[in-house]
Amino acid sequence: MPFSVRPSRLRALVSVGLAAALVSFGAPPAGADPGFYEPPSPLPQGADGDVVKTLPSTFTGAKSTRVMYLSRDTANRAIPVTGTVLVPDKAWSGPGQRPIVAYAPFTAGMGDQCAPSKALAGEGGDFVSSFQSSFVTSLLDKGFAVAQTDYQGLGTPGEHTYVVREAEAHAVLDVLRAAQRLPGTGLSAASPVGVAGYSEGGGASASAVELAPAYAPELDLKGAYVGAAPADKAVLAKSLDGGMYVGFLGYSLIGLNAAYPEAGILDLANDAGKQLFDEARTTCTLDAVFKYMYKNSSQLTKDGRPVSAYLEQEPFRGIVAANRIGTLKPAAPVLVEHTPNDDVIPSSIGKQLGKDWCAKGANVRFQDIPSFSPVFSHVLGITGAQGNAANWLAERFAGKPATGNCGQF
């Protein structure tokens, strides 16, 4: 047992949370347009980041617009992605044009009902989604516009490519382009930009900042905040297995299978494993945690080996290597943070990411997020991350130099 809290007690706590979720995030409110998430067929021609369609949305303190925009998958094919562009009601009081921060959401789930743009508008997700709104609010309070992506396959047709490096980086960078091109916002191609995310979003933010020079060199990227990033999937395959959050390992396999179907990742599952994957495809975060906690992947494969054993052989080893974050020098200063006793993503992964970037000559600062509980420390770390991200990016947009601490962590 990784925690002192009994499984029965954890299940009770989660059950209460799920009940609250059903009350708070039940049926979509009147006026919601479910057809918005259906892309036109054929998909229109255009540049990456071009807006396909929009839908007025709601968010306290900001003009909120849902967008569908063009992006690219790992095979470089054009795909539709949805998200939200939010412009705060308060005037921008800083230098130059109002900045835009791409908010890369943390794990929302795999089902279309979990799309963060729906949760921000009060139409879906579970009660964990309130943390998404809190992070967005911390950025809006600084006067930044926020461009939030749903990533590939959340809301839109197809599987969500969960923690897939290129797909998530493209979605994050292209939602910035979409925000710059959205009429009536006061934003433009001259607007400076930043990126922020935690957990899955930390990985997406990290991927975006290191792929930006090649994929979106025109963006005036001032900095990126990277919180608790799942940078090394090989480590996570071992650390998540059999633990409370093993559902996220299932999410990762579904996401990698969606990006690399030729590898046949899910073909390795036995009947129990196939059932788990089919169910997990429809879940949001809490449901996955509740259903699959403490399962061992060796019970879900045809030959009884754990997932980590497969990842040591081809073609899976190559896929894991391609999705390792930290192999390219970031395009801008980066603040990397992690909770020392993170109970989902080991803090050693975040620290190694910072070291990898430092070795390439990047401007990196690594620091701990204080934690006051060994249980749920990963989730609770969001409360510190959101304020730190907003404050650090405010300094970058104000033109203050970023002080790195390479060699000191």
# chains A, B, ... in the order shown; residues from 1 in each chain; ligands from 1
>>> residues_around(residues="region 165-182 of chain A", least_positions_apart="5", cutoff="7 Å", atoms="only C-alpha atoms", output="list in words")
Asp48, Gly49, Asp50, Val51, Tyr69, Ser71, Arg72, Asp73, Thr74, Val81, Val85, Ala102, Ala104, Ala147, Gln148, Thr149, Tyr151, Gln152, Leu187, Ser188, Ala189, Ala204, Ser205, Ser207, Ala208, Leu211, Ala216 and Asn323 of chain A
>>> write_last_selection(atoms="C-alpha atoms", output="PDB file, in the first residue's frame")
ATOM      1  CA  ASP A  48      -2.524  25.556 -38.839  1.00  0.00           C
ATOM      2  CA  GLY A  49      -4.416  27.557 -36.244  1.00  0.00           C
ATOM      3  CA  ASP A  50      -7.113  28.823 -38.628  1.00  0.00           C
ATOM      4  CA  VAL A  51     -10.521  29.072 -36.970  1.00  0.00           C
ATOM      5  CA  TYR A  69      -9.414  25.281 -35.204  1.00  0.00           C
ATOM      6  CA  SER A  71      -4.072  21.558 -36.062  1.00  0.00           C
ATOM      7  CA  ARG A  72      -1.892  18.530 -36.901  1.00  0.00           C
ATOM      8  CA  ASP A  73      -1.622  15.012 -35.518  1.00  0.00           C
ATOM      9  CA  THR A  74       1.562  12.974 -35.116  1.00  0.00           C
ATOM     10  CA  VAL A  81      -9.358  20.620 -32.338  1.00  0.00           C
ATOM     11  CA  VAL A  85     -10.501  31.779 -26.042  1.00  0.00           C
ATOM     12  CA  ALA A 102      -2.058  28.997 -23.833  1.00  0.00           C
ATOM     13  CA  ALA A 104      -2.814  23.320 -21.399  1.00  0.00           C
ATOM     14  CA  ALA A 147      -6.351  30.216 -25.081  1.00  0.00           C
ATOM     15  CA  GLN A 148      -7.357  26.783 -23.761  1.00  0.00           C
ATOM     16  CA  THR A 149      -7.109  23.655 -25.888  1.00  0.00           C
ATOM     17  CA  TYR A 151      -6.342  18.521 -27.349  1.00  0.00           C
ATOM     18  CA  GLN A 152      -6.969  16.035 -30.149  1.00  0.00           C
ATOM     19  CA  LEU A 187      -5.768  40.167 -30.028  1.00  0.00           C
ATOM     20  CA  SER A 188      -3.472  39.919 -33.023  1.00  0.00           C
ATOM     21  CA  ALA A 189      -0.403  38.249 -34.473  1.00  0.00           C
ATOM     22  CA  ALA A 204       1.856  19.577 -23.176  1.00  0.00           C
ATOM     23  CA  SER A 205       3.366  22.916 -22.171  1.00  0.00           C
ATOM     24  CA  SER A 207       6.314  19.777 -25.487  1.00  0.00           C
ATOM     25  CA  ALA A 208       5.042  23.050 -26.945  1.00  0.00           C
ATOM     26  CA  LEU A 211       8.766  22.170 -30.480  1.00  0.00           C
ATOM     27  CA  ALA A 216       5.460  27.860 -34.759  1.00  0.00           C
ATOM     28  CA  ASN A 323       7.515  10.886 -26.629  1.00  0.00           C
TER      29      ASN A 323
END
>>> closest_atom_pairs(of="region 317-358 of chain A", to="region 387-399 of chain A", cutoff="10 Å", atoms="only C-alpha atoms", output="Markdown table")
| residue | atom | partner | partner_atom | distance |
| --- | --- | --- | --- | --- |
| A:Ala332 | CA | A:Arg396 | CA | 9.9 |
| A:Pro333 | CA | A:Arg396 | CA | 8.6 |
| A:Val334 | CA | A:Trp392 | CA | 9.5 |
| A:Leu335 | CA | A:Trp392 | CA | 7.8 |
| A:Val336 | CA | A:Ala389 | CA | 9.7 |
| A:Glu337 | CA | A:Asn388 | CA | 9.1 |
>>> write_last_selection(atoms="N, CA and C atoms", output="PDB file, in the first residue's frame")
ATOM      1  N   ALA A 332      12.153  29.412 -25.171  1.00  0.00           N
ATOM      2  CA  ALA A 332      12.022  30.557 -24.267  1.00  0.00           C
ATOM      3  C   ALA A 332      12.367  30.104 -22.850  1.00  0.00           C
ATOM      4  N   PRO A 333      12.508  31.046 -21.926  1.00  0.00           N
ATOM      5  CA  PRO A 333      12.748  30.664 -20.532  1.00  0.00           C
ATOM      6  C   PRO A 333      11.628  29.766 -19.998  1.00  0.00           C
ATOM      7  N   VAL A 334      11.993  28.838 -19.118  1.00  0.00           N
ATOM      8  CA  VAL A 334      11.030  27.877 -18.590  1.00  0.00           C
ATOM      9  C   VAL A 334      11.149  27.809 -17.071  1.00  0.00           C
ATOM     10  N   LEU A 335       9.987  27.814 -16.399  1.00  0.00           N
ATOM     11  CA  LEU A 335       9.928  27.511 -14.979  1.00  0.00           C
ATOM     12  C   LEU A 335       9.353  26.110 -14.842  1.00  0.00           C
ATOM     13  N   VAL A 336      10.159  25.200 -14.296  1.00  0.00           N
ATOM     14  CA  VAL A 336       9.738  23.819 -14.070  1.00  0.00           C
ATOM     15  C   VAL A 336       9.497  23.641 -12.582  1.00  0.00           C
ATOM     16  N   GLU A 337       8.327  23.139 -12.232  1.00  0.00           N
ATOM     17  CA  GLU A 337       8.007  22.927 -10.815  1.00  0.00           C
ATOM     18  C   GLU A 337       7.459  21.521 -10.603  1.00  0.00           C
TER      19      GLU A 337
END
>>> residues_around(residues="Phe248 (chain A)", least_positions_apart="6", cutoff="9 Å", atoms="only C-alpha atoms", output="JSON, numbers by chain")
{"A": [107, 109, 240, 285, 288, 289]}
>>> atom_distance(atom1="CA of Ala214 (chain A)", atom2="CA of Ala115 (chain A)")
27.8 Å
>>> closest_residue(among="A:Ala212, A:Leu236, A:Leu140, A:Ile254", to="Gly350 (chain A)", atoms="only C-alpha atoms")
A:Leu236
>>> atom_distance(atom1="CA of Gly158 (chain A)", atom2="CA of Glu123 (chain A)")
20.1 Å
>>> residues_around(residues="region 130-132 of chain A", least_positions_apart="3", cutoff="10 Å", atoms="only C-alpha atoms", output="JSON, numbers by chain")
{"A": [103, 104, 105, 106, 107, 108, 116, 117, 119, 120, 122, 125, 126, 127, 135, 136, 137, 148, 197, 198, 379, 380, 382, 383, 386]}
>>> closest_atom_pairs(of="region 93-202 of chain A", to="region 218-224 of chain A", cutoff="7 Å", atoms="only C-alpha atoms", output="Markdown table")
| residue | atom | partner | partner_atom | distance |
| --- | --- | --- | --- | --- |
| A:Pro192 | CA | A:Asp220 | CA | 5.0 |
| A:Val193 | CA | A:Leu221 | CA | 4.9 |
| A:Gly194 | CA | A:Gly223 | CA | 5.2 |
| A:Val195 | CA | A:Ala224 | CA | 4.6 |
| A:Ala196 | CA | A:Ala224 | CA | 5.7 |
>>> atom_distance(atom1="CA of Phe316 (chain A)", atom2="CA of Gly247 (chain A)")
19.4 Å
>>> select_by_dssp(residues="region 197-312 of chain A", states="strand (DSSP E)", output="ChimeraX atom specification")
/A:197-198,221-227
>>> residues_around(residues="region 275-282 of chain A", least_positions_apart="4", cutoff="7 Å", atoms="only C-alpha atoms", output="count of residues only")
5
>>> closest_residue(among="A:Val344, A:Ala78, A:Ala385, A:Leu249", to="Tyr162 (chain A)", atoms="only C-alpha atoms")
A:Leu249
>>> residues_around(residues="Leu353 (chain A)", least_positions_apart="5", cutoff="12 Å", atoms="only C-alpha atoms", output="number ranges by chain")
A: 202-203, 206-207, 210, 226-232, 324-330, 334-338, 346-348, 358-360, 362, 364-366, 406, 409
>>> write_last_selection(atoms="C-alpha atoms", output="tab-separated table (two decimals), in the first residue's frame")
chain	number	residue	atom	x	y	z
A	202	GLY	CA	2.67	20.34	-17.88
A	203	GLY	CA	3.76	17.77	-20.43
A	206	ALA	CA	6.85	21.39	-22.10
A	207	SER	CA	6.31	19.78	-25.49
A	210	GLU	CA	10.56	22.75	-27.16
A	226	VAL	CA	5.77	23.45	-16.70
A	227	GLY	CA	4.23	21.83	-13.63
A	228	ALA	CA	4.55	18.13	-12.74
A	229	ALA	CA	5.19	17.09	-16.33
A	230	PRO	CA	4.97	13.37	-17.29
A	231	ALA	CA	8.14	13.73	-19.33
A	232	ASP	CA	9.33	10.10	-19.22
A	324	ARG	CA	10.29	11.62	-24.15
A	325	ILE	CA	10.27	15.35	-23.38
A	326	GLY	CA	13.56	17.14	-22.89
A	327	THR	CA	15.34	16.22	-26.11
A	328	LEU	CA	15.19	19.72	-27.67
A	329	LYS	CA	16.20	23.13	-26.37
A	330	PRO	CA	13.14	25.21	-25.35
A	334	VAL	CA	11.03	27.88	-18.59
A	335	LEU	CA	9.93	27.51	-14.98
A	336	VAL	CA	9.74	23.82	-14.07
A	337	GLU	CA	8.01	22.93	-10.82
A	338	HIS	CA	7.15	19.71	-9.02
A	346	PRO	CA	7.56	11.19	-9.33
A	347	SER	CA	9.33	14.51	-8.81
A	348	SER	CA	12.52	12.96	-10.15
A	358	CYS	CA	19.95	22.78	-18.89
A	359	ALA	CA	22.39	20.47	-20.67
A	360	LYS	CA	21.19	21.96	-23.96
A	362	ALA	CA	18.29	26.50	-22.01
A	364	VAL	CA	15.61	26.90	-16.84
A	365	ARG	CA	14.54	27.43	-13.28
A	366	PHE	CA	13.48	24.40	-11.22
A	406	CYS	CA	20.91	25.22	-13.76
A	409	PHE	CA	19.12	21.28	-8.51
>>> select_by_dssp(residues="region 205-371 of chain A", states="helix (DSSP H, G or I)", output="number ranges by chain")
A: 205-215, 233-239, 246-259, 261-263, 265-268, 271-280, 285-292, 297-299, 307-310, 316-322, 347-359
